>>> print(open('protein-v9.cif').read())   # mmCIF, C-alpha atoms and all ligand atoms
data_my_file
#
loop_
_atom_site.label_atom_id
_atom_site.label_comp_id
_atom_site.auth_asym_id
_atom_site.auth_seq_id
_atom_site.Cartn_x
_atom_site.Cartn_y
_atom_site.Cartn_z
CA MET A 24 0.00 0.00 0.00
CA THR A 25 2.84 2.35 0.82
CA ASP A 26 3.81 2.40 -2.87
CA ILE A 27 0.78 4.56 -3.64
CA LEU A 28 1.44 7.05 -0.85
CA LYS A 29 2.46 10.55 -1.76
CA THR A 30 4.91 12.57 0.30
CA ASN A 31 6.41 16.05 0.17
CA LYS A 32 10.12 17.00 0.19
CA GLN A 33 10.24 16.55 3.96
CA GLY A 34 8.94 13.00 3.52
CA VAL A 35 5.60 13.83 5.17
CA LEU A 36 2.42 12.18 3.89
CA THR A 37 0.39 14.43 1.59
CA VAL A 38 -3.18 14.31 0.34
CA GLY A 39 -3.98 16.55 -2.61
CA ASP A 40 -0.39 17.83 -2.19
CA ALA A 41 -1.29 19.17 1.26
CA ASP A 42 0.85 18.18 4.25
CA VAL A 43 -1.26 15.85 6.39
CA SER A 44 0.48 16.77 9.64
CA ALA A 45 -0.09 20.48 8.98
CA LEU A 46 -3.78 19.82 8.31
CA ALA A 47 -4.05 17.83 11.54
CA LYS A 48 -2.55 20.78 13.39
CA GLU A 49 -4.85 23.29 11.71
CA PHE A 50 -8.12 21.36 11.90
CA GLY A 51 -7.51 18.98 14.81
CA THR A 52 -7.99 15.21 14.96
CA PRO A 53 -9.72 12.95 14.19
CA LEU A 54 -9.90 14.49 10.73
CA PHE A 55 -11.22 13.20 7.42
CA ILE A 56 -9.06 14.43 4.53
CA MET A 57 -10.38 13.90 1.01
CA ASP A 58 -8.31 14.25 -2.17
CA GLU A 59 -10.44 16.26 -4.59
CA GLU A 60 -8.38 15.50 -7.69
CA HIS A 61 -8.58 11.79 -6.93
CA ILE A 62 -12.36 11.97 -6.57
CA VAL A 63 -12.59 13.80 -9.89
CA GLN A 64 -10.39 11.17 -11.59
CA ASN A 65 -12.58 8.39 -10.18
CA MET A 66 -15.69 10.15 -11.48
CA ARG A 67 -14.18 10.57 -14.93
CA ALA A 68 -13.26 6.88 -15.06
CA TYR A 69 -17.03 6.30 -15.23
CA THR A 70 -18.23 9.34 -17.17
CA LYS A 71 -15.71 9.04 -19.99
CA PRO A 72 -16.73 5.54 -21.17
CA MET A 73 -20.39 6.17 -20.38
CA TYR A 74 -20.76 9.55 -22.07
CA GLU A 75 -18.18 9.26 -24.84
CA GLU A 76 -18.25 5.60 -25.81
CA TYR A 77 -21.60 3.98 -25.03
CA LYS A 78 -24.00 4.48 -27.91
CA GLY A 79 -27.26 4.19 -25.99
CA GLY A 80 -26.68 7.25 -23.79
CA GLY A 81 -26.41 7.08 -20.06
CA LEU A 82 -26.08 8.69 -16.67
CA VAL A 83 -23.56 7.99 -13.93
CA CYS A 84 -25.19 8.60 -10.55
CA TYR A 85 -22.89 8.86 -7.56
CA ALA A 86 -24.34 6.72 -4.74
CA SER A 87 -24.36 9.40 -2.08
CA LYS A 88 -24.79 6.90 0.79
CA ALA A 89 -21.02 6.32 0.54
CA PHE A 90 -20.29 9.88 1.65
CA CYS A 91 -23.12 12.39 1.61
CA ILE A 92 -22.20 16.00 2.19
CA LYS A 93 -23.03 19.08 0.15
CA GLU A 94 -19.54 19.49 -1.27
CA ILE A 95 -19.44 16.02 -2.82
CA CYS A 96 -22.83 16.69 -4.43
CA ARG A 97 -21.41 19.91 -5.92
CA ILE A 98 -18.37 18.07 -7.28
CA ALA A 99 -20.58 15.34 -8.74
CA HIS A 100 -22.75 17.97 -10.43
CA ARG A 101 -19.72 19.83 -11.79
CA GLU A 102 -18.41 16.56 -13.24
CA GLY A 103 -21.70 15.75 -14.95
CA LEU A 104 -22.87 13.02 -12.59
CA GLY A 105 -26.32 12.58 -11.16
CA LEU A 106 -27.01 11.29 -7.65
CA ASP A 107 -28.49 8.18 -6.09
CA VAL A 108 -30.28 9.04 -2.84
CA VAL A 109 -32.07 6.69 -0.47
CA SER A 110 -33.77 8.96 2.03
CA GLY A 111 -35.34 12.35 2.50
CA GLY A 112 -32.12 13.40 4.23
CA GLU A 113 -29.89 12.48 1.28
CA LEU A 114 -32.40 14.08 -1.10
CA TYR A 115 -32.42 17.25 0.99
CA THR A 116 -28.60 17.37 0.99
CA ALA A 117 -28.49 16.91 -2.81
CA LEU A 118 -31.09 19.60 -3.47
CA SER A 119 -29.47 22.02 -0.99
CA ALA A 120 -26.18 21.58 -2.85
CA GLY A 121 -27.81 22.53 -6.15
CA MET A 122 -27.96 19.10 -7.77
CA PRO A 123 -30.66 19.37 -10.47
CA ALA A 124 -33.62 17.27 -9.35
CA ASP A 125 -33.98 15.59 -12.73
CA LYS A 126 -30.55 14.00 -12.25
CA ILE A 127 -31.52 12.44 -8.93
CA CYS A 128 -32.55 8.80 -8.65
CA PHE A 129 -34.50 8.03 -5.47
CA HIS A 130 -34.14 4.55 -3.96
CA GLY A 131 -35.29 2.78 -0.83
CA ASN A 132 -37.22 -0.29 0.23
CA ASN A 133 -39.53 1.68 2.50
CA LYS A 134 -39.88 5.27 1.34
CA SER A 135 -42.35 7.17 3.48
CA ALA A 136 -45.31 9.09 2.10
CA GLU A 137 -43.50 12.30 3.07
CA GLU A 138 -40.34 11.25 1.24
CA LEU A 139 -42.27 10.34 -1.90
CA ALA A 140 -44.16 13.63 -1.81
CA MET A 141 -40.85 15.47 -1.40
CA ALA A 142 -39.49 13.67 -4.47
CA PHE A 143 -42.57 14.43 -6.59
CA GLU A 144 -42.80 18.05 -5.45
CA ASN A 145 -39.16 18.72 -6.21
CA GLY A 146 -39.27 17.09 -9.64
CA VAL A 147 -36.91 14.20 -8.95
CA GLY A 148 -36.00 12.51 -12.24
CA ARG A 149 -36.35 8.88 -11.30
CA ILE A 150 -37.77 6.75 -8.53
CA VAL A 151 -36.75 3.15 -8.16
CA ALA A 152 -39.78 1.24 -6.96
CA ASP A 153 -38.92 -1.59 -4.63
CA SER A 154 -42.14 -3.58 -4.45
CA GLU A 155 -45.49 -4.23 -6.07
CA GLU A 156 -47.08 -2.23 -3.28
CA GLU A 157 -44.94 0.78 -4.07
CA LEU A 158 -45.78 0.59 -7.81
CA PHE A 159 -49.44 1.00 -6.89
CA ILE A 160 -48.63 3.94 -4.61
CA LEU A 161 -46.57 5.58 -7.38
CA ASP A 162 -49.27 4.94 -9.96
CA ALA A 163 -51.80 6.74 -7.77
CA MET A 164 -49.38 9.61 -7.08
CA ALA A 165 -48.55 9.98 -10.78
CA ALA A 166 -52.20 10.86 -11.40
CA GLU A 167 -51.89 13.84 -9.07
CA TYR A 168 -48.67 15.48 -10.25
CA LYS A 169 -47.90 17.17 -13.56
CA ASN A 170 -44.43 15.80 -14.30
CA PRO A 171 -44.13 12.64 -12.25
CA PRO A 172 -40.72 10.97 -12.01
CA LYS A 173 -39.85 8.09 -14.31
CA VAL A 174 -40.15 4.81 -12.46
CA LEU A 175 -37.73 1.90 -12.56
CA LEU A 176 -38.43 -1.40 -10.84
CA ARG A 177 -35.74 -2.90 -8.63
CA VAL A 178 -35.32 -6.54 -9.49
CA LYS A 179 -33.59 -9.33 -7.56
CA PRO A 180 -31.42 -10.68 -10.32
CA GLY A 181 -30.59 -13.91 -8.50
CA ILE A 182 -26.91 -13.00 -8.41
CA GLU A 183 -24.88 -12.52 -5.32
CA ALA A 184 -21.36 -11.24 -5.74
CA HIS A 185 -18.82 -10.91 -2.98
CA THR A 186 -15.26 -9.75 -3.10
CA HIS A 187 -13.87 -13.11 -4.11
CA GLU A 188 -16.85 -15.14 -5.18
CA PHE A 189 -19.79 -14.97 -7.44
CA ILE A 190 -22.82 -17.16 -7.12
CA GLN A 191 -26.03 -17.36 -9.04
CA THR A 192 -28.70 -18.58 -6.67
CA GLY A 193 -32.32 -17.95 -5.96
CA GLN A 194 -31.37 -15.25 -3.46
CA GLU A 195 -35.05 -14.54 -2.97
CA ASP A 196 -34.44 -13.87 0.70
CA SER A 197 -33.71 -10.16 0.44
CA LYS A 198 -35.67 -7.15 1.58
CA PHE A 199 -34.76 -5.36 -1.66
CA GLY A 200 -36.54 -5.60 -4.96
CA VAL A 201 -38.97 -7.87 -6.76
CA SER A 202 -38.28 -11.46 -7.74
CA LEU A 203 -37.11 -12.17 -11.26
CA ALA A 204 -37.13 -15.95 -10.92
CA SER A 205 -40.81 -16.14 -9.86
CA GLY A 206 -41.95 -14.12 -12.85
CA ASP A 207 -43.13 -11.23 -10.64
CA ALA A 208 -40.80 -8.73 -12.31
CA VAL A 209 -42.00 -9.54 -15.86
CA ARG A 210 -45.62 -9.49 -14.75
CA LEU A 211 -45.36 -6.07 -13.08
CA LEU A 212 -43.30 -4.55 -15.88
CA SER A 213 -45.70 -5.76 -18.59
CA ARG A 214 -48.77 -4.53 -16.78
CA ASN A 215 -50.69 -1.67 -18.27
CA TRP A 216 -50.24 0.95 -15.56
CA GLU A 217 -52.71 3.76 -15.72
CA HIS A 218 -50.55 6.77 -14.80
CA LEU A 219 -47.09 5.45 -14.08
CA ALA A 220 -44.22 6.44 -16.38
CA LEU A 221 -42.56 3.04 -16.28
CA ALA A 222 -39.05 3.49 -17.68
CA GLY A 223 -37.07 0.38 -16.91
CA VAL A 224 -35.31 -1.97 -14.56
CA HIS A 225 -32.76 -1.67 -11.78
CA CYS A 226 -30.53 -4.17 -10.03
CA HIS A 227 -27.64 -4.01 -7.59
CA ILE A 228 -25.62 -7.15 -7.06
CA GLY A 229 -23.40 -6.24 -4.12
CA SER A 230 -20.48 -4.11 -3.10
CA GLN A 231 -16.65 -4.30 -3.18
CA ILE A 232 -16.70 -6.60 -6.23
CA PHE A 233 -13.53 -7.04 -8.28
CA GLU A 234 -14.60 -9.36 -11.11
CA ASP A 235 -16.30 -8.29 -14.33
CA VAL A 236 -18.35 -11.45 -14.75
CA PRO A 237 -21.07 -10.69 -12.16
CA PHE A 238 -21.73 -7.28 -13.74
CA ILE A 239 -21.80 -8.76 -17.23
CA THR A 240 -24.18 -11.48 -16.07
CA ALA A 241 -26.42 -8.90 -14.39
CA ALA A 242 -26.40 -6.80 -17.57
CA GLU A 243 -27.43 -9.79 -19.64
CA LEU A 244 -30.26 -10.68 -17.24
CA MET A 245 -31.59 -7.12 -17.34
CA VAL A 246 -31.46 -6.95 -21.15
CA LYS A 247 -33.20 -10.32 -21.34
CA LEU A 248 -35.86 -8.95 -19.00
CA LEU A 249 -36.49 -6.05 -21.39
CA ASP A 250 -36.82 -8.62 -24.16
CA ASP A 251 -39.26 -10.72 -22.11
CA VAL A 252 -41.39 -7.66 -21.39
CA HIS A 253 -41.33 -6.74 -25.08
CA LYS A 254 -42.54 -10.23 -26.00
CA ILE A 255 -45.55 -9.81 -23.72
CA CYS A 256 -46.60 -6.24 -24.29
CA GLY A 257 -44.83 -5.24 -27.51
CA ARG A 258 -42.76 -2.38 -26.10
CA TYR A 259 -39.18 -2.03 -24.99
CA LEU A 260 -38.67 -0.31 -21.66
CA PRO A 261 -35.94 2.22 -22.41
CA GLU A 262 -33.71 2.17 -19.30
CA ILE A 263 -31.43 -0.14 -17.32
CA ASN A 264 -29.75 0.80 -14.05
CA LEU A 265 -27.06 -1.66 -12.93
CA GLY A 266 -26.42 -0.19 -9.46
CA GLY A 267 -22.98 0.12 -7.91
CA GLY A 268 -20.43 -2.27 -6.48
CA PHE A 269 -16.99 -1.83 -8.04
CA GLY A 270 -14.29 -2.70 -5.50
CA ILE A 271 -11.41 -0.60 -4.20
CA ARG A 272 -8.06 -1.21 -2.55
CA TYR A 273 -8.11 -1.15 1.25
CA THR A 274 -5.03 -3.30 1.79
CA GLU A 275 -2.50 -5.05 -0.40
CA ALA A 276 -4.84 -8.05 -0.55
CA ASP A 277 -7.24 -6.02 -2.73
CA GLN A 278 -6.34 -5.82 -6.39
CA PRO A 279 -9.05 -3.92 -8.23
CA ARG A 280 -8.65 -3.33 -11.92
CA PRO A 281 -8.76 0.25 -13.17
CA LEU A 282 -12.31 1.61 -12.89
CA GLN A 283 -12.39 2.67 -16.49
CA GLU A 284 -11.71 -0.91 -17.60
CA ALA A 285 -14.36 -2.28 -15.27
CA MET A 286 -16.87 0.25 -16.62
CA ARG A 287 -15.95 -0.63 -20.21
CA ALA A 288 -16.43 -4.34 -19.50
CA THR A 289 -19.91 -3.63 -18.11
CA ILE A 290 -20.85 -1.47 -21.07
CA SER A 291 -19.64 -4.13 -23.45
CA GLY A 292 -21.73 -6.69 -21.51
CA VAL A 293 -24.82 -4.57 -22.12
CA GLU A 294 -24.02 -4.13 -25.82
CA LYS A 295 -23.36 -7.83 -26.38
CA ALA A 296 -26.59 -8.80 -24.61
CA CYS A 297 -28.54 -6.29 -26.72
CA GLU A 298 -27.12 -7.82 -29.87
CA LYS A 299 -27.87 -11.33 -28.60
CA TYR A 300 -31.53 -10.58 -27.84
CA GLY A 301 -32.10 -7.97 -30.54
CA VAL A 302 -32.94 -5.33 -27.95
CA PRO A 303 -32.24 -1.66 -28.76
CA TYR A 304 -29.44 -0.18 -26.62
CA PRO A 305 -31.12 1.07 -23.44
CA PHE A 306 -30.30 4.32 -21.66
CA LEU A 307 -27.78 3.01 -19.13
CA MET A 308 -27.24 4.03 -15.54
CA VAL A 309 -24.69 2.97 -12.93
CA GLU A 310 -24.45 4.04 -9.29
CA PRO A 311 -20.91 3.80 -7.97
CA GLY A 312 -20.37 4.98 -4.41
CA ARG A 313 -17.36 3.37 -2.73
CA SER A 314 -15.19 3.49 -5.85
CA ILE A 315 -15.71 7.26 -6.23
CA VAL A 316 -14.70 8.32 -2.72
CA GLY A 317 -13.26 5.31 -0.86
CA ASP A 318 -9.60 5.45 -1.81
CA ALA A 319 -9.64 9.25 -1.97
CA GLY A 320 -10.03 9.67 1.78
CA ILE A 321 -7.96 9.11 4.91
CA THR A 322 -8.67 9.61 8.59
CA VAL A 323 -5.98 11.17 10.74
CA TYR A 324 -5.95 10.42 14.44
CA THR A 325 -3.74 11.28 17.36
CA ILE A 326 -2.38 8.33 19.27
CA GLY A 327 -3.00 8.28 23.02
CA THR A 328 -2.56 5.29 25.32
CA VAL A 329 -0.21 2.51 24.18
CA LYS A 330 -0.94 -0.57 26.27
CA LYS A 331 1.48 -3.48 25.99
CA ILE A 332 0.05 -6.74 27.34
CA PRO A 333 3.10 -9.01 27.48
CA GLY A 334 2.80 -12.10 25.34
CA ILE A 335 -0.68 -11.10 24.21
CA ARG A 336 -1.08 -7.86 22.30
CA THR A 337 -0.23 -4.18 22.16
CA TYR A 338 -3.24 -1.89 21.99
CA VAL A 339 -2.62 1.50 20.40
CA ALA A 340 -5.58 3.75 21.20
CA VAL A 341 -6.55 6.70 19.01
CA ASP A 342 -8.83 9.68 19.62
CA GLY A 343 -11.67 8.28 17.48
CA GLY A 344 -12.79 4.74 16.74
CA MET A 345 -16.02 2.94 15.93
CA ALA A 346 -17.94 6.23 16.13
CA ASP A 347 -16.17 7.56 13.02
CA ASN A 348 -15.42 4.17 11.43
CA PRO A 349 -17.79 1.35 12.39
CA ARG A 350 -16.68 -0.88 9.51
CA TYR A 351 -14.44 -3.16 11.58
CA ILE A 352 -17.07 -3.77 14.22
CA MET A 353 -19.76 -4.25 11.57
CA TYR A 354 -17.93 -6.19 8.87
CA GLN A 355 -14.44 -6.98 10.26
CA ALA A 356 -13.26 -4.70 7.46
CA ALA A 357 -9.50 -4.52 6.92
CA TYR A 358 -7.56 -1.25 6.63
CA ASP A 359 -3.98 -0.15 6.30
CA ALA A 360 -2.43 2.73 8.24
CA VAL A 361 0.79 4.74 8.26
CA LEU A 362 2.44 7.39 10.39
CA PRO A 363 2.09 10.63 8.39
CA LEU A 364 5.45 11.93 9.60
CA GLN A 365 7.31 8.79 8.50
CA PRO A 366 5.08 6.89 6.10
CA HIS A 367 7.89 4.71 4.76
CA ALA A 368 9.57 3.86 8.08
CA ALA A 369 10.26 0.18 8.75
CA ARG A 370 7.27 -1.58 10.25
CA THR A 371 8.71 -3.39 13.22
CA GLU A 372 5.91 -3.68 15.79
CA LYS A 373 2.73 -5.69 15.60
CA VAL A 374 -0.08 -3.70 17.21
CA THR A 375 -3.86 -3.44 17.29
CA ILE A 376 -5.34 -0.01 16.71
CA CYS A 377 -8.35 0.58 18.94
CA GLY A 378 -10.69 3.47 19.52
CA LYS A 379 -11.82 5.28 22.66
CA CYS A 380 -15.38 3.99 22.87
CA CYS A 381 -16.70 1.87 25.72
CA GLU A 382 -16.82 -1.31 23.71
CA SER A 383 -14.22 -4.10 23.48
CA GLY A 384 -14.97 -4.51 19.77
CA ASP A 385 -14.07 -0.88 19.15
CA ILE A 386 -11.13 -1.72 16.94
CA LEU A 387 -9.97 -0.05 13.75
CA ILE A 388 -7.21 -2.42 12.67
CA ARG A 389 -6.31 -5.74 14.25
CA ASP A 390 -2.68 -6.89 14.09
CA ILE A 391 -1.01 -4.34 11.88
CA LEU A 392 2.73 -3.86 11.56
CA LEU A 393 3.76 -0.27 12.29
CA PRO A 394 6.93 1.55 13.30
CA GLU A 395 7.19 2.07 17.05
CA VAL A 396 4.58 4.62 18.13
CA ARG A 397 4.18 6.93 21.10
CA ARG A 398 1.49 9.07 22.67
CA GLY A 399 1.07 12.20 20.58
CA ASP A 400 2.06 10.63 17.24
CA LEU A 401 -0.29 11.03 14.31
CA LEU A 402 -1.77 7.97 12.61
CA ALA A 403 -3.43 7.97 9.19
CA VAL A 404 -5.87 5.18 8.36
CA LEU A 405 -6.09 4.84 4.57
CA SER A 406 -9.04 4.38 2.22
CA THR A 407 -11.64 5.69 4.65
CA GLY A 408 -13.47 7.93 2.16
CA ALA A 409 -16.51 5.67 1.78
CA TYR A 410 -18.97 4.51 4.42
CA ASN A 411 -16.99 6.04 7.27
CA TYR A 412 -18.23 9.59 7.70
CA SER A 413 -21.62 8.54 6.33
CA MET A 414 -21.96 5.75 8.89
CA SER A 415 -20.43 7.67 11.78
CA SER A 416 -22.34 8.08 15.01
CA ASN A 417 -22.23 10.01 18.26
CA TYR A 418 -21.80 6.87 20.35
CA ASN A 419 -20.47 7.83 23.77
CA ARG A 420 -21.26 11.37 22.68
CA LEU A 421 -18.17 11.57 20.58
CA ALA A 422 -18.40 14.56 18.26
CA ARG A 423 -18.17 13.77 14.56
CA PRO A 424 -14.82 14.80 13.04
CA ALA A 425 -14.35 17.63 10.57
CA VAL A 426 -14.01 16.88 6.85
CA VAL A 427 -11.60 18.79 4.62
CA MET A 428 -11.15 18.61 0.86
CA ALA A 429 -7.53 18.92 -0.21
CA SER A 430 -6.47 20.08 -3.63
CA LYS A 431 -3.28 21.56 -5.07
CA GLY A 432 -1.60 21.87 -1.71
CA LYS A 433 -4.52 23.57 0.05
CA ALA A 434 -7.44 22.26 2.02
CA ARG A 435 -10.87 23.73 2.56
CA LEU A 436 -13.18 22.87 5.39
CA CYS A 437 -16.29 21.09 4.08
CA VAL A 438 -17.86 19.89 7.32
CA ARG A 439 -17.16 21.55 10.65
CA ARG A 440 -16.19 19.38 13.60
CA GLU A 441 -19.21 18.86 15.84
CA SER A 442 -19.12 20.79 19.08
CA TYR A 443 -20.41 19.73 22.49
CA GLU A 444 -23.19 22.24 21.90
CA ASP A 445 -24.12 20.38 18.68
CA LEU A 446 -24.37 17.17 20.67
CA ILE A 447 -27.10 18.50 22.94
CA LYS A 448 -28.84 20.84 20.53
CA ASN A 449 -31.91 18.64 20.15
CA ASP A 450 -32.11 17.62 23.79
CA LEU A 451 -35.01 19.24 25.63
N1 LIG B 501 -26.86 1.35 -5.63
C1 LIG B 501 -27.55 0.66 -4.71
C2 LIG B 501 -28.95 0.35 -4.95
C3 LIG B 501 -26.93 0.26 -3.52
O1 LIG B 501 -27.62 -0.43 -2.63
C4 LIG B 501 -25.57 0.59 -3.29
C5 LIG B 501 -24.90 0.21 -2.05
C6 LIG B 501 -24.88 1.32 -4.29
C7 LIG B 501 -25.56 1.68 -5.44
C8 LIG B 501 -23.44 1.73 -4.12
O2 LIG B 501 -22.61 0.62 -4.03
P1 LIG B 501 -21.00 0.81 -4.00
O3 LIG B 501 -20.58 1.30 -5.36
O4 LIG B 501 -20.70 1.79 -2.95
O5 LIG B 501 -20.48 -0.55 -3.70
N2 LIG B 501 -21.99 0.00 4.30
C9 LIG B 501 -21.36 -1.02 3.48
C10 LIG B 501 -21.72 -0.87 2.02
C11 LIG B 501 -23.20 -0.93 1.78
C12 LIG B 501 -23.57 -0.76 0.34
C13 LIG B 501 -25.05 -0.65 0.22
N3 LIG B 501 -25.51 -0.36 -1.10
C14 LIG B 501 -19.84 -0.94 3.68
O6 LIG B 501 -19.39 -0.11 4.45
O7 LIG B 501 -19.12 -1.73 3.11
#
>>> encode(input="protein-v9.cif", output="structure tokens")
Amino acid sequence: MTDILKTNKQGVLTVGDADVSALAKEFGTPLFIMDEEHIVQNMRAYTKPMYEEYKGGGLVCYASKAFCIKEICRIAHREGLGLDVVSGGELYTALSAGMPADKICFHGNNKSAEELAMAFENGVGRIVADSEEELFILDAMAAEYKNPPKVLLRVKPGIEAHTHEFIQTGQEDSKFGVSLASGDAVRLLSRNWEHLALAGVHCHIGSQIFEDVPFITAAELMVKLLDDVHKICGRYLPEINLGGGFGIRYTEADQPRPLQEAMRATISGVEKACEKYGVPYPFLMVEPGRSIVGDAGITVYTIGTVKKIPGIRTYVAVDGGMADNPRYIMYQAAYDAVLPLQPHAARTEKVTICGKCCESGDILIRDILLPEVRRGDLLAVLSTGAYNYSMSSNYNRLARPAVVMASKGKARLCVRRESYEDLIKNDL
């Protein structure tokens, strides 16, 4: 991992050419530092093939759940992306940041009446219906509004892809989407809805996936579904949304291929399936989240207590933990870390990085080799740009860290650090 680290002349870790230790001093720790240029490059790895090479036209929607703040919505908009939102809160953030409503795709397995009304009133471009029940609700709502959103139906494609495996099973046991295998999806898509602007199909096969095959298989299943619907009702639904899921590098064990190649392989999967079934190229959407922001972010902490338990383990405690990164406690996620002041120093000590929460499982990295560390040293955990800030909590009333965006040697504050006052502001 250290081979991809950037440093300045003094050998200090940089993000967006800004000195990480200087940023820690200026903004305090824990601190999320995002590399703006890196985010932009990740976005372009999707938009270039999609907008310049795919003949059917398309839209790349950044899955805002990965990291949802106003500034990332602005960057996505500037780079020509739309947004995937899954709640009124994400929708509100996107609209507040100036994302055009027609480029927003609204997801969720249990959208409330208020959330749906908010989407219709603001002119959201697309809603992904998650159930038969919701299609009926949307059909009724479409009668009441002038320009109702286009509706896609989320389908369970019967594919489950994990980092290192890919299985095609029934996989009916999921709270998301409508069954393909049972024929429900074809039946609902071929139905003559009275008011609904039914535009197409959506699927999402998982997250942190490195292989092309699951995406290509999903693409083929979705194109075949358009063909099946055409056979029944004589019309081709014009859109396919293949969700997100491209994997990123957290540790050396992860070897993703370049995003642009992964995107091209998916596009080619869609094109080949269209040729196979004689289906016109659909308008294509993808919703990458992790692969846009994940490897563009780090979290900088200050080390506190170093507890050596002879013959057992050395715990190195930092000033954050599961409150700003719950991914170890939730998924046993693996991360790499370095000391910003000496990122290439020999790693001689095996330690476990833990947080400061009242929970034994509050660990960030188990058994990592690091140079010898002391109270007061800085520690940077790498690849924390996705699903860290967005899943952070105030457990133990820890205040959420600040977020800065670094670019060309400078950093701008994008989210202020929470204050103690913020923590009690809704308490009565
Ligand atoms: N579209 C849909 C419908 C999704 O459910 C998701 C992720 C995405 C797009 C974006 O997927 P991505 O490109 O980020 O893989 N909290 C977990 C990840 C949950 C992903 C949920 N859905 C984690 O920290 O690993």
>>> closest_atom_pairs(input="protein-v9.cif", of="chain A", to="ligand LIG 501 (chain B)", cutoff="9 Å", atoms="all atoms listed in the file", output="Markdown table")
| residue | atom | partner | partner_atom | distance |
| --- | --- | --- | --- | --- |
| A:Cys84 | CA | B:LIG501 | C7 | 8.6 |
| A:Tyr85 | CA | B:LIG501 | C8 | 7.9 |
| A:Ala86 | CA | B:LIG501 | C8 | 5.1 |
| A:Ser87 | CA | B:LIG501 | C8 | 8.0 |
| A:Lys88 | CA | B:LIG501 | C8 | 7.3 |
| A:Ala89 | CA | B:LIG501 | O4 | 5.7 |
| A:Asp107 | CA | B:LIG501 | N1 | 7.0 |
| A:Val108 | CA | B:LIG501 | N1 | 8.9 |
| A:Val109 | CA | B:LIG501 | C2 | 8.4 |
| A:His130 | CA | B:LIG501 | C2 | 6.7 |
| A:Gly131 | CA | B:LIG501 | C2 | 7.9 |
| A:Val151 | CA | B:LIG501 | C2 | 8.9 |
| A:Arg177 | CA | B:LIG501 | C2 | 8.4 |
| A:Phe199 | CA | B:LIG501 | O1 | 8.7 |
| A:His225 | CA | B:LIG501 | C2 | 8.1 |
| A:Cys226 | CA | B:LIG501 | C2 | 7.0 |
| A:His227 | CA | B:LIG501 | C2 | 5.3 |
| A:Ile228 | CA | B:LIG501 | O1 | 8.3 |
| A:Gly229 | CA | B:LIG501 | O5 | 6.4 |
| A:Ser230 | CA | B:LIG501 | O5 | 3.6 |
| A:Gln231 | CA | B:LIG501 | O5 | 5.4 |
| A:Ile232 | CA | B:LIG501 | O5 | 7.6 |
| A:Asn264 | CA | B:LIG501 | N1 | 8.9 |
| A:Leu265 | CA | B:LIG501 | N1 | 7.9 |
| A:Gly266 | CA | B:LIG501 | N1 | 4.2 |
| A:Gly267 | CA | B:LIG501 | O3 | 3.7 |
| A:Gly268 | CA | B:LIG501 | O5 | 3.3 |
| A:Phe269 | CA | B:LIG501 | O3 | 5.5 |
| A:Gly270 | CA | B:LIG501 | O5 | 6.8 |
| A:Val309 | CA | B:LIG501 | C7 | 7.6 |
| A:Glu310 | CA | B:LIG501 | C7 | 4.7 |
| A:Pro311 | CA | B:LIG501 | O3 | 3.6 |
| A:Gly312 | CA | B:LIG501 | O4 | 3.5 |
| A:Arg313 | CA | B:LIG501 | O4 | 3.7 |
| A:Ser314 | CA | B:LIG501 | O3 | 5.8 |
| A:Ile315 | CA | B:LIG501 | O3 | 7.7 |
| A:Val316 | CA | B:LIG501 | O4 | 8.9 |
| A:Gly317 | CA | B:LIG501 | O4 | 8.5 |
| A:Pro349 | CA | B:LIG501 | O6 | 8.2 |
| A:Arg350 | CA | B:LIG501 | O6 | 5.8 |
| A:Met353 | CA | B:LIG501 | O6 | 8.2 |
| A:Tyr354 | CA | B:LIG501 | O7 | 7.4 |
| A:Ala356 | CA | B:LIG501 | O7 | 7.9 |
| A:Ala409 | CA | B:LIG501 | O6 | 7.0 |
| A:Tyr410 | CA | B:LIG501 | O6 | 4.6 |
| A:Asn411 | CA | B:LIG501 | O6 | 7.2 |
| A:Ser413 | CA | B:LIG501 | N2 | 8.8 |
| A:Met414 | CA | B:LIG501 | N2 | 7.4 |
>>> closest_residue(input="protein-v9.cif", among="A:Gly257, A:Ile150, A:Ala45, A:Val404", to="Ile321 in chain A", atoms="all atoms listed in the file")
A:Val404
>>> closest_residue(input="protein-v9.cif", among="A:Gly292, A:Ser383, A:Cys377, A:Pro333", to="Tyr77 in chain A", atoms="all atoms listed in the file")
A:Gly292
>>> residues_around(input="protein-v9.cif", residues="range 80-83 of chain A", least_positions_apart="3", cutoff="7 Å", atoms="all atoms listed in the file", output="ChimeraX atom specification")
/A:69-70,73-74,77,104-105,306-310
>>> closest_residue(input="protein-v9.cif", among="A:His185, A:Leu114, A:His218, A:Glu275", to="Ile160 in chain A", atoms="only C-alpha atoms")
A:His218
>>> residues_around(input="protein-v9.cif", residues="Glu217 in chain A", least_positions_apart="5", cutoff="12 Å", atoms="all atoms listed in the file", output="list in words")
Leu158, Phe159, Ile160, Leu161, Asp162, Ala163, Met164, Ala165 and Ala166 of chain A
>>> closest_residue(input="protein-v9.cif", among="A:Ile388, A:Leu405, A:Leu203, A:Val323", to="Phe50 in chain A", atoms="all atoms listed in the file")
A:Val323
